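Containing mmCIF, C-alpha atoms: model.cif.
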data_work
#
loop_
_atom_site.label_atom_id
_atom_site.label_comp_id
_atom_site.auth_asym_id
_atom_site.auth_seq_id
_atom_site.Cartn_x
_atom_site.Cartn_y
_atom_site.Cartn_z
CA MET L 61 135.64 50.46 21.84
CA ASP L 62 138.47 52.41 20.29
CA ILE L 63 141.63 50.65 21.40
CA GLY L 64 143.85 51.86 18.58
CA LYS L 65 146.03 50.06 16.11
CA PRO L 66 147.41 46.56 16.71
CA LYS L 67 150.97 46.31 17.92
CA ARG L 68 151.64 42.67 18.55
CA ILE L 69 149.99 39.27 18.96
CA TYR L 70 150.67 37.19 22.03
CA LYS L 71 149.88 33.56 22.58
CA VAL L 72 148.46 33.26 26.09
CA GLU L 73 147.88 29.79 27.47
CA PRO L 74 146.92 29.92 31.16
CA LEU L 75 148.15 27.00 33.24
CA ARG L 76 144.90 27.03 35.19
CA ASP L 77 141.43 27.36 33.72
CA PRO L 78 140.48 31.04 34.15
CA VAL L 79 136.81 30.10 34.45
CA PRO L 80 135.83 29.33 38.05
CA ARG L 81 134.72 25.79 38.62
CA LYS L 82 131.04 25.19 38.82
CA ARG L 83 129.95 25.16 42.38
CA GLU L 84 128.25 21.95 43.40
CA PRO L 85 124.77 22.58 44.70
CA ALA L 86 124.52 22.17 48.43
CA PRO L 87 122.96 18.84 49.39
CA ALA L 88 119.31 19.09 50.33
CA PRO L 89 118.83 19.13 54.10
CA ARG L 90 117.72 15.72 55.34
CA LEU L 91 114.74 15.50 57.58
CA VAL L 92 115.82 13.96 60.87
CA PRO L 93 113.02 11.92 62.55
CA PRO L 94 112.20 12.84 66.12
CA PRO L 95 113.67 10.51 68.81
CA GLU L 96 111.42 7.70 69.94
CA PRO L 97 109.98 8.12 73.43
CA ALA L 98 111.90 6.25 76.11
CA ARG L 99 110.32 2.98 77.20
CA LYS L 100 109.22 2.51 80.76
CA PRO L 101 111.75 0.48 82.79
CA GLY L 102 110.85 -3.08 83.77
CA ARG L 103 108.66 -3.84 80.82
CA VAL L 104 109.66 -6.33 78.22
CA GLY L 105 108.76 -5.62 74.72
CA ALA L 106 105.92 -7.66 73.23
CA MET D 386 153.64 40.28 13.33
CA THR D 387 153.87 36.53 13.73
CA VAL D 388 152.38 34.05 16.11
CA VAL D 389 154.77 31.44 17.34
CA ALA D 390 153.74 28.04 18.62
CA ALA D 391 155.20 28.38 22.12
CA PRO D 392 153.06 30.45 24.48
CA ASP D 393 154.29 33.89 25.45
CA PHE D 394 152.42 33.95 28.76
CA ALA D 395 151.09 31.26 31.09
CA ALA D 396 148.57 33.50 32.84
CA PRO D 397 145.67 35.42 31.30
CA PHE D 398 145.92 39.14 30.63
CA GLU D 399 143.71 41.41 32.68
CA ALA D 400 141.87 44.46 31.42
CA TRP D 401 138.60 46.29 32.00
CA ARG D 402 135.36 46.41 30.08
CA THR D 403 131.72 47.38 30.42
CA TRP D 404 128.74 45.10 30.00
CA LYS D 405 125.04 45.70 29.92
CA ILE D 406 122.73 43.57 32.00
CA VAL D 407 120.05 41.56 30.24
CA PRO D 408 117.34 39.75 32.17
CA SER D 409 116.74 36.02 31.88
CA ALA D 410 114.56 33.46 33.59
CA ARG D 411 117.52 32.38 35.71
CA GLY D 412 118.67 35.87 36.62
CA PRO D 413 120.67 38.75 35.16
CA LEU D 414 123.25 38.04 32.48
CA LEU D 415 126.21 40.00 31.17
CA SER D 416 125.93 41.03 27.55
CA SER D 417 128.13 42.90 25.10
CA LEU D 418 127.28 46.60 24.74
CA PHE D 419 127.20 46.62 20.97
CA PHE D 420 126.46 43.04 19.92
CA ASP D 421 123.85 40.47 20.88
CA LEU D 422 126.43 38.41 22.66
CA VAL D 423 125.49 37.09 26.08
CA TRP D 424 128.24 35.98 28.46
CA PRO D 425 126.87 32.90 30.23
CA PRO D 426 127.90 32.23 33.83
CA GLN D 427 130.88 29.92 34.32
CA VAL D 428 131.49 29.47 30.59
CA ALA D 429 134.32 31.17 28.73
CA VAL D 430 133.38 33.43 25.83
CA HIS D 431 135.17 32.62 22.59
CA ALA D 432 135.37 35.29 19.95
CA ARG D 433 134.30 34.85 16.37
CA CYS D 434 134.43 37.39 13.63
CA LEU D 435 130.97 38.86 13.07
CA ARG D 436 132.13 40.98 10.18
CA ARG D 437 132.65 37.76 8.22
CA SER D 438 128.92 37.03 8.46
CA TRP D 439 128.13 40.45 7.06
CA PHE D 440 130.44 39.99 4.10
CA GLU D 441 129.21 36.47 3.48
CA ARG D 442 125.65 37.73 3.28
CA PHE D 443 126.59 39.57 0.13
CA GLY D 444 128.89 36.85 -1.19
CA LEU D 445 131.87 39.15 -0.94
CA LEU D 446 134.05 36.98 1.21
CA ARG D 447 134.21 33.25 1.58
CA GLN D 448 137.37 32.88 3.56
CA THR D 449 137.14 32.69 7.30
CA HIS D 450 139.66 33.70 9.88
CA ALA D 451 140.09 32.91 13.51
CA ALA D 452 139.34 35.76 15.89
CA PRO D 453 141.07 37.99 16.69
CA GLY D 454 142.31 38.77 13.21
CA ARG D 455 145.18 41.18 12.98
CA ARG D 456 143.68 43.23 10.16
CA CYS D 457 140.15 42.92 11.48
CA GLU D 458 138.48 44.48 14.49
CA CYS D 459 137.15 41.22 15.90
CA GLY D 460 137.87 39.67 19.26
CA VAL D 461 136.80 40.19 22.83
CA TYR D 462 137.81 43.70 23.86
CA GLY D 463 139.51 44.83 27.04
CA ALA D 464 140.92 48.25 27.82
CA SER D 465 142.05 50.49 30.65
CA LEU D 466 139.75 51.19 33.57
CA GLU D 467 139.28 54.81 32.50
CA GLN D 468 138.37 53.83 28.98
CA ALA D 469 135.98 51.08 30.04
CA ALA D 470 134.27 53.41 32.52
CA ALA D 471 133.82 55.97 29.77
CA TYR D 472 131.60 53.48 27.96
CA LEU D 473 129.12 53.64 30.80
CA TRP D 474 128.28 57.01 29.27
CA HIS D 475 129.08 56.29 25.65
CA PRO D 476 126.84 58.30 23.30
CA ARG D 477 126.14 55.22 21.19
CA VAL D 478 124.71 53.58 24.28
CA ALA D 479 123.23 56.37 26.36
CA PRO D 480 120.29 57.44 24.17
CA ARG D 481 118.75 53.97 24.13
CA ARG D 482 120.00 52.81 27.48
CA THR D 483 117.30 51.02 29.37
CA SER D 484 119.32 48.55 31.36
CA LEU D 485 121.88 48.70 34.10
CA HIS D 486 125.50 48.66 33.00
CA VAL D 487 128.31 47.12 34.98
CA LEU D 488 132.05 47.53 34.89
CA GLY D 489 134.50 44.73 35.47
CA ARG D 490 137.92 43.25 35.15
CA VAL D 491 138.14 40.69 32.39
CA LEU D 492 140.62 37.87 31.84
CA LEU D 493 141.82 37.49 28.26
CA TRP D 494 143.65 34.55 26.76
CA GLY D 495 144.25 32.54 23.61
CA ASP D 496 145.60 34.72 20.82
CA VAL D 497 145.63 38.24 22.23
CA VAL D 498 146.23 41.26 20.00
CA GLU D 499 147.86 44.04 21.95
CA CYS D 500 146.69 47.38 20.61
CA GLU D 501 147.65 50.95 21.45
CA ARG D 502 145.03 51.30 24.18
CA GLY D 503 143.83 47.78 24.95
CA TYR D 504 143.49 44.22 23.76
CA ARG D 505 141.45 42.01 21.47
CA ALA D 506 141.41 38.38 22.56
CA ALA D 507 140.21 34.97 21.46
CA SER D 508 138.77 33.96 24.84
CA ALA D 509 137.58 35.79 27.91
CA TYR D 510 135.85 35.55 31.26
CA PRO D 511 135.13 38.19 33.89
CA ALA D 512 137.41 38.31 36.93
CA GLU D 513 135.47 40.81 39.00
CA LEU D 514 132.28 42.82 38.56
CA VAL D 515 131.51 46.30 39.82
CA VAL D 516 127.84 47.26 39.88
CA PRO D 517 127.41 51.03 40.07
CA VAL D 518 124.19 52.38 41.53
CA SER D 519 122.58 55.82 41.80
CA ALA D 520 124.08 57.12 38.59
CA VAL D 521 123.98 54.62 35.76
CA GLY D 522 120.99 53.36 33.84
CA LYS D 523 117.94 53.12 36.03
CA GLY D 524 120.39 53.28 38.89
CA ARG D 525 118.13 52.32 41.74
CA VAL D 526 119.80 50.78 44.74
CA GLU D 527 117.29 47.96 44.89
CA GLU D 528 117.90 47.09 41.27
CA GLY D 529 121.64 47.21 41.80
CA GLU D 530 121.41 44.91 44.79
CA GLU D 531 119.26 42.46 42.90
CA VAL D 532 121.61 42.49 39.91
CA ALA D 533 124.68 42.09 42.14
CA GLU D 534 123.14 39.10 43.85
CA GLY D 535 122.20 37.53 40.51
CA LEU D 536 125.68 38.09 39.10
CA SER D 537 127.15 35.94 41.87
CA ARG D 538 126.38 33.02 39.55
CA TYR D 539 129.49 34.02 37.61
CA GLY D 540 131.57 32.78 40.52
CA VAL D 541 133.69 35.96 40.71
CA PRO D 542 133.68 38.81 43.25
CA VAL D 543 130.81 41.24 42.74
CA ARG D 544 130.93 44.70 44.32
CA LEU D 545 128.07 47.14 44.61
CA VAL D 546 129.32 50.73 44.63
CA ALA D 547 127.35 53.92 45.15
CA CYS D 548 128.60 56.68 42.88
CA ARG D 549 127.47 59.78 41.04
CA THR D 550 130.28 60.42 38.61
CA ARG D 551 132.64 58.49 36.39
CA GLU D 552 135.55 59.47 38.62
CA GLU D 553 133.81 57.99 41.65
CA ILE D 554 133.29 54.69 39.83
CA ILE D 555 136.91 54.62 38.73
CA ARG D 556 138.13 55.29 42.27
CA ALA D 557 135.85 52.63 43.73
CA ALA D 558 136.79 50.08 41.08
CA ARG D 559 140.49 50.73 41.52
CA ARG D 560 140.31 50.35 45.30
CA GLY D 561 139.31 46.72 45.12
CA ALA D 562 141.33 45.67 42.11
CA GLY D 563 144.68 44.01 41.81
CA PRO D 564 147.28 44.96 39.20
CA VAL D 565 145.88 45.21 35.70
CA ALA D 566 147.94 44.88 32.57
CA ALA D 567 146.07 47.42 30.45
#

For this file, write the structure as C-alpha coordinates.
Amino acid sequence: MDIGKPKRIYKVEPLRDPVPRKREPAPAPRLVPPPEPARKPGRVGA
Amino acid sequence: MTVVAAPDFAAPFEAWRTWKIVPSARGPLLSSLFFDLVWPPQVAVHARCLRRSWFERFGLLRQTHAAPGRRCECGVYGASLEQAAAYLWHPRVAPRRTSLHVLGRVLLWGDVVECERGYRAASAYPAELVVPVSAVGKGRVEEGEEVAEGLSRYGVPVRLVACRTREEIIRAARRGAGPVAA
(Lines of atoms letter the chains of each structure in order from A and count residues from 1; the text may use other names and numbers.)
(Lines give C-alpha, C1' and ligand atoms only; values in the text may rest on other atoms or scores of the structure.)
Protein backbone atom coordinates (compact mmCIF):
# COMPACT_ATOMS: atom_id res chain seq x y z
CA MET A 1 0.00 0.00 0.00
CA ASP A 2 1.49 3.30 -1.05
CA ILE A 3 1.13 5.58 1.94
CA GLY A 4 3.92 7.97 1.05
CA LYS A 5 6.93 9.18 2.95
CA PRO A 6 7.17 9.12 6.75
CA LYS A 7 6.46 12.35 8.55
CA ARG A 8 6.60 11.59 12.23
CA ILE A 9 6.63 8.77 14.78
CA TYR A 10 4.10 8.73 17.58
CA LYS A 11 4.14 6.62 20.69
CA VAL A 12 0.61 5.34 21.20
CA GLU A 13 -0.17 3.52 24.42
CA PRO A 14 -3.90 2.84 24.75
CA LEU A 15 -5.24 2.93 28.29
CA ARG A 16 -7.55 0.03 27.49
CA ASP A 17 -6.60 -3.09 25.59
CA PRO A 18 -7.82 -2.54 22.01
CA VAL A 19 -8.38 -6.27 21.57
CA PRO A 20 -11.87 -7.31 22.68
CA ARG A 21 -11.91 -9.68 25.59
CA LYS A 22 -12.44 -13.30 24.82
CA ARG A 23 -16.04 -14.16 25.23
CA GLU A 24 -16.65 -16.93 27.72
CA PRO A 25 -18.45 -19.84 26.15
CA ALA A 26 -22.05 -20.07 27.23
CA PRO A 27 -22.56 -22.76 29.87
CA ALA A 28 -23.97 -25.98 28.51
CA PRO A 29 -27.71 -26.25 29.11
CA ARG A 30 -28.42 -28.53 32.05
CA LEU A 31 -30.93 -31.28 31.64
CA VAL A 32 -33.72 -30.74 34.15
CA PRO A 33 -35.32 -34.04 35.32
CA PRO A 34 -39.08 -34.29 34.96
CA PRO A 35 -41.09 -33.72 38.20
CA GLU A 36 -41.94 -36.84 40.15
CA PRO A 37 -45.60 -37.85 40.00
CA ALA A 38 -47.64 -36.70 42.98
CA ARG A 39 -48.28 -39.37 45.59
CA LYS A 40 -51.80 -40.42 46.38
CA PRO A 41 -53.10 -38.78 49.59
CA GLY A 42 -53.50 -40.95 52.69
CA ARG A 43 -50.76 -43.38 51.92
CA VAL A 44 -47.63 -43.54 53.98
CA GLY A 45 -44.47 -44.24 52.24
CA ALA A 46 -42.98 -47.71 52.71
CA MET B 1 12.38 12.29 13.99
CA THR B 2 12.72 11.07 17.55
CA VAL B 3 10.67 8.84 19.76
CA VAL B 4 10.24 10.08 23.27
CA ALA B 5 9.50 7.87 26.24
CA ALA B 6 6.21 9.49 27.23
CA PRO B 7 3.25 8.42 25.09
CA ASP B 8 1.82 10.92 22.64
CA PHE B 9 -1.65 9.36 22.62
CA ALA B 10 -3.57 7.20 25.06
CA ALA B 11 -6.01 5.81 22.49
CA PRO B 12 -5.22 3.82 19.35
CA PHE B 13 -5.22 5.46 15.94
CA GLU B 14 -7.91 4.39 13.51
CA ALA B 15 -7.47 3.83 9.81
CA TRP B 16 -8.78 1.54 7.07
CA ARG B 17 -7.32 -1.48 5.35
CA THR B 18 -8.28 -4.44 3.20
CA TRP B 19 -7.80 -8.09 4.06
CA LYS B 20 -8.30 -11.26 2.14
CA ILE B 21 -10.21 -14.13 3.66
CA VAL B 22 -8.45 -17.45 4.10
CA PRO B 23 -10.32 -20.56 5.16
CA SER B 24 -9.43 -22.57 8.24
CA ALA B 25 -10.88 -25.50 10.13
CA ARG B 26 -12.40 -23.10 12.65
CA GLY B 27 -13.78 -20.65 10.13
CA PRO B 28 -12.65 -17.76 7.94
CA LEU B 29 -9.59 -15.77 8.96
CA LEU B 30 -8.31 -12.34 7.99
CA SER B 31 -5.01 -12.35 6.17
CA SER B 32 -2.69 -9.70 4.76
CA LEU B 33 -3.13 -9.07 1.03
CA PHE B 34 0.53 -9.29 0.16
CA PHE B 35 2.13 -11.41 2.89
CA ASP B 36 1.35 -14.76 4.46
CA LEU B 37 0.30 -13.11 7.66
CA VAL B 38 -2.89 -14.34 9.25
CA TRP B 39 -4.68 -12.14 11.78
CA PRO B 40 -6.00 -14.51 14.45
CA PRO B 41 -9.26 -13.68 16.22
CA GLN B 42 -8.95 -11.80 19.51
CA VAL B 43 -5.15 -11.57 19.33
CA ALA B 44 -3.30 -8.38 18.43
CA VAL B 45 -1.01 -8.50 15.42
CA HIS B 46 2.52 -7.30 16.10
CA ALA B 47 4.62 -6.19 13.18
CA ARG B 48 8.07 -7.50 12.41
CA CYS B 49 10.28 -6.51 9.57
CA LEU B 50 10.13 -9.15 6.84
CA ARG B 51 12.70 -7.38 4.73
CA ARG B 52 15.26 -8.24 7.40
CA SER B 53 14.72 -11.94 6.73
CA TRP B 54 15.35 -11.41 3.05
CA PHE B 55 18.60 -9.58 3.67
CA GLU B 56 19.71 -12.10 6.26
CA ARG B 57 19.24 -14.90 3.76
CA PHE B 58 22.08 -13.46 1.76
CA GLY B 59 24.15 -12.45 4.78
CA LEU B 60 23.84 -8.80 3.86
CA LEU B 61 22.42 -7.54 7.09
CA ARG B 62 22.77 -8.82 10.61
CA GLN B 63 21.29 -5.97 12.54
CA THR B 64 17.65 -6.10 13.44
CA HIS B 65 15.25 -3.28 14.02
CA ALA B 66 11.91 -3.03 15.68
CA ALA B 67 8.97 -2.53 13.35
CA PRO B 68 7.99 -0.03 12.15
CA GLY B 69 11.39 1.26 11.14
CA ARG B 70 11.53 4.83 9.98
CA ARG B 71 13.71 4.12 6.95
CA CYS B 72 12.05 0.81 6.22
CA GLU B 73 8.62 0.00 4.85
CA CYS B 74 7.69 -2.42 7.61
CA GLY B 75 4.79 -2.22 10.01
CA VAL B 76 1.07 -2.86 9.92
CA TYR B 77 -0.45 -0.53 7.35
CA GLY B 78 -3.55 1.61 7.64
CA ALA B 79 -4.78 4.26 5.24
CA SER B 80 -7.81 6.29 4.25
CA LEU B 81 -11.07 4.57 3.41
CA GLU B 82 -10.75 5.49 -0.26
CA GLN B 83 -7.25 4.12 -0.48
CA ALA B 84 -8.07 0.91 1.35
CA ALA B 85 -11.13 0.34 -0.85
CA ALA B 86 -8.98 0.79 -3.92
CA TYR B 87 -7.02 -2.29 -2.89
CA LEU B 88 -10.12 -4.40 -3.34
CA TRP B 89 -9.36 -3.93 -7.02
CA HIS B 90 -5.59 -3.62 -6.87
CA PRO B 91 -3.95 -5.01 -10.02
CA ARG B 92 -1.41 -6.93 -7.96
CA VAL B 93 -4.29 -8.76 -6.33
CA ALA B 94 -7.02 -8.95 -8.94
CA PRO B 95 -5.43 -11.33 -11.47
CA ARG B 96 -4.95 -14.10 -8.92
CA ARG B 97 -7.84 -13.25 -6.67
CA THR B 98 -9.68 -16.36 -5.65
CA SER B 99 -10.93 -15.37 -2.24
CA LEU B 100 -13.31 -12.84 -0.83
CA HIS B 101 -11.78 -9.57 0.31
CA VAL B 102 -13.09 -7.48 3.17
CA LEU B 103 -12.62 -3.89 4.16
CA GLY B 104 -12.37 -2.69 7.72
CA ARG B 105 -11.36 -0.13 10.25
CA VAL B 106 -8.17 -1.03 12.05
CA LEU B 107 -6.82 0.14 15.39
CA LEU B 108 -3.10 0.95 15.40
CA TRP B 109 -0.88 1.43 18.40
CA GLY B 110 2.65 1.08 19.76
CA ASP B 111 5.12 3.04 17.68
CA VAL B 112 3.11 4.49 14.81
CA VAL B 113 4.79 6.12 11.82
CA GLU B 114 2.57 8.78 10.34
CA CYS B 115 3.12 8.94 6.60
CA GLU B 116 1.76 11.24 3.91
CA ARG B 117 -1.29 9.07 3.22
CA GLY B 118 -1.54 6.64 6.13
CA TYR B 119 0.24 4.90 8.95
CA ARG B 120 2.64 2.07 9.69
CA ALA B 121 2.24 0.68 13.20
CA ALA B 122 3.79 -1.80 15.59
CA SER B 123 0.51 -3.37 16.72
CA ALA B 124 -2.97 -3.63 15.29
CA TYR B 125 -6.40 -5.17 15.60
CA PRO B 126 -9.54 -4.71 13.51
CA ALA B 127 -12.24 -2.43 14.91
CA GLU B 128 -14.97 -3.17 12.39
CA LEU B 129 -15.29 -5.34 9.30
CA VAL B 130 -17.27 -4.65 6.14
CA VAL B 131 -17.95 -7.66 3.94
CA PRO B 132 -18.89 -6.59 0.41
CA VAL B 133 -20.95 -8.98 -1.68
CA SER B 134 -22.05 -9.12 -5.32
CA ALA B 135 -18.98 -7.36 -6.64
CA VAL B 136 -15.76 -8.54 -5.04
CA GLY B 137 -14.03 -11.87 -5.43
CA LYS B 138 -16.49 -14.67 -5.86
CA GLY B 139 -19.01 -12.24 -4.48
CA ARG B 140 -21.89 -14.57 -3.82
CA VAL B 141 -24.32 -13.51 -1.16
CA GLU B 142 -24.26 -16.90 0.49
CA GLU B 143 -20.49 -16.83 0.72
CA GLY B 144 -20.57 -13.32 2.11
CA GLU B 145 -23.09 -14.29 4.75
CA GLU B 146 -21.05 -17.30 5.76
CA VAL B 147 -17.86 -15.24 5.95
CA ALA B 148 -19.58 -12.48 7.92
CA GLU B 149 -20.88 -14.98 10.43
CA GLY B 150 -17.46 -16.60 10.77
CA LEU B 151 -15.76 -13.23 11.25
CA SER B 152 -17.88 -12.60 14.34
CA ARG B 153 -15.17 -14.53 16.19
CA TYR B 154 -13.08 -11.36 16.01
CA GLY B 155 -15.44 -9.80 18.53
CA VAL B 156 -15.95 -6.61 16.48
CA PRO B 157 -18.96 -5.41 14.47
CA VAL B 158 -19.26 -7.13 11.09
CA ARG B 159 -21.43 -5.62 8.35
CA LEU B 160 -22.51 -7.30 5.16
CA VAL B 161 -23.05 -4.75 2.38
CA ALA B 162 -24.38 -5.32 -1.11
CA CYS B 163 -22.52 -3.19 -3.64
CA ARG B 164 -21.44 -3.12 -7.26
CA THR B 165 -18.85 -0.38 -7.33
CA ARG B 166 -16.04 0.95 -5.19
CA GLU B 167 -18.04 4.11 -4.52
CA GLU B 168 -20.93 2.06 -3.16
CA ILE B 169 -18.61 0.23 -0.77
CA ILE B 170 -17.08 3.50 0.39
CA ARG B 171 -20.51 5.02 1.00
CA ALA B 172 -21.72 1.95 2.88
CA ALA B 173 -18.55 1.72 4.95
CA ARG B 174 -18.65 5.40 5.83
CA ARG B 175 -22.29 5.24 6.94
CA GLY B 176 -21.56 2.91 9.80
CA ALA B 177 -18.18 4.24 10.84
CA GLY B 178 -17.17 6.67 13.51
CA PRO B 179 -14.49 9.33 13.04
CA VAL B 180 -11.29 7.99 11.54
CA ALA B 181 -7.93 9.62 11.91
CA ALA B 182 -6.56 8.80 8.47

* Might you spell out which residues the PyMOL selection byres ((chain D) within 8 of (chain L)) would select in the displayed file, as an NGL selection string? => :D and (386-398 or 427-429 or 455 or 462 or 464 or 472 or 492 or 494-504 or 510 or 539-541)

* To do: Provide the CA of Glu458 (chain D) to CA of Ala558 (chain D) distance in Å, to one decimal place.
  =>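 About the pair CA of Glu458 (chain D) and CA of Ala558 (chain D): they are 27.2 Å apart.
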
* To do: Using CA of Ile555 (chain D) and CA of Ala512 (chain D) as the two end points, give the distance in Å to one decimal.
  =>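 For CA of Ile555 (chain D) relative to CA of Ala512 (chain D), the distance reads 16.4 Å.
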
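For the atom pair formed by CA of Gln468 (chain D) and CA of Glu552 (chain D), the distance is 11.5 Å, given to one decimal.
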
Find the residues around region 403-408 of chain D up to 9 Å (all atoms listed in the file counted), leave out those fewer than 5 positions away in its own chain, and share them as a PDB file with C-alpha atoms, keeping the file's coordinate frame.
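Result written to part_4.pdb:
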ATOM      1  CA  PRO D 413     120.670  38.750  35.160  1.00  0.00           C
ATOM      2  CA  LEU D 414     123.250  38.040  32.480  1.00  0.00           C
ATOM      3  CA  LEU D 415     126.210  40.000  31.170  1.00  0.00           C
ATOM      4  CA  SER D 416     125.930  41.030  27.550  1.00  0.00           C
ATOM      5  CA  SER D 417     128.130  42.900  25.100  1.00  0.00           C
ATOM      6  CA  LEU D 418     127.280  46.600  24.740  1.00  0.00           C
ATOM      7  CA  VAL D 423     125.490  37.090  26.080  1.00  0.00           C
ATOM      8  CA  GLY D 463     139.510  44.830  27.040  1.00  0.00           C
ATOM      9  CA  ALA D 469     135.980  51.080  30.040  1.00  0.00           C
ATOM     10  CA  ALA D 470     134.270  53.410  32.520  1.00  0.00           C
ATOM     11  CA  ALA D 471     133.820  55.970  29.770  1.00  0.00           C
ATOM     12  CA  TYR D 472     131.600  53.480  27.960  1.00  0.00           C
ATOM     13  CA  LEU D 473     129.120  53.640  30.800  1.00  0.00           C
ATOM     14  CA  SER D 484     119.320  48.550  31.360  1.00  0.00           C
ATOM     15  CA  LEU D 485     121.880  48.700  34.100  1.00  0.00           C
ATOM     16  CA  HIS D 486     125.500  48.660  33.000  1.00  0.00           C
ATOM     17  CA  VAL D 487     128.310  47.120  34.980  1.00  0.00           C
ATOM     18  CA  LEU D 488     132.050  47.530  34.890  1.00  0.00           C
ATOM     19  CA  GLY D 489     134.500  44.730  35.470  1.00  0.00           C
ATOM     20  CA  ARG D 490     137.920  43.250  35.150  1.00  0.00           C
ATOM     21  CA  VAL D 532     121.610  42.490  39.910  1.00  0.00           C
TER      22      VAL D 532
END

* Could you tell me which residues the PyMOL selection byres ((chain D and resi 515) around 9) grabs in this file, written as a list in words? =>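 Evaluating the PyMOL selection byres ((chain D and resi 515) around 9) on these coordinates yields Val487, Leu488, Gly489, Arg490, Glu513, Leu514, Val516, Pro517, Ala533, Pro542, Val543, Arg544, Leu545, Val546, Ile554, Ala557 and Ala558 of chain D.
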
Limited to C-alpha atoms, could you put the picked residues into a file as an mmCIF file, in the frame of the given file?
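Ended up saving to selection-v4.cif:
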data_model
loop_
_atom_site.group_PDB
_atom_site.id
_atom_site.type_symbol
_atom_site.label_atom_id
_atom_site.label_comp_id
_atom_site.auth_asym_id
_atom_site.auth_seq_id
_atom_site.Cartn_x
_atom_site.Cartn_y
_atom_site.Cartn_z
ATOM 1 C CA VAL D 487 128.310 47.120 34.980
ATOM 2 C CA LEU D 488 132.050 47.530 34.890
ATOM 3 C CA GLY D 489 134.500 44.730 35.470
ATOM 4 C CA ARG D 490 137.920 43.250 35.150
ATOM 5 C CA GLU D 513 135.470 40.810 39.000
ATOM 6 C CA LEU D 514 132.280 42.820 38.560
ATOM 7 C CA VAL D 516 127.840 47.260 39.880
ATOM 8 C CA PRO D 517 127.410 51.030 40.070
ATOM 9 C CA ALA D 533 124.680 42.090 42.140
ATOM 10 C CA PRO D 542 133.680 38.810 43.250
ATOM 11 C CA VAL D 543 130.810 41.240 42.740
ATOM 12 C CA ARG D 544 130.930 44.700 44.320
ATOM 13 C CA LEU D 545 128.070 47.140 44.610
ATOM 14 C CA VAL D 546 129.320 50.730 44.630
ATOM 15 C CA ILE D 554 133.290 54.690 39.830
ATOM 16 C CA ALA D 557 135.850 52.630 43.730
ATOM 17 C CA ALA D 558 136.790 50.080 41.080
#
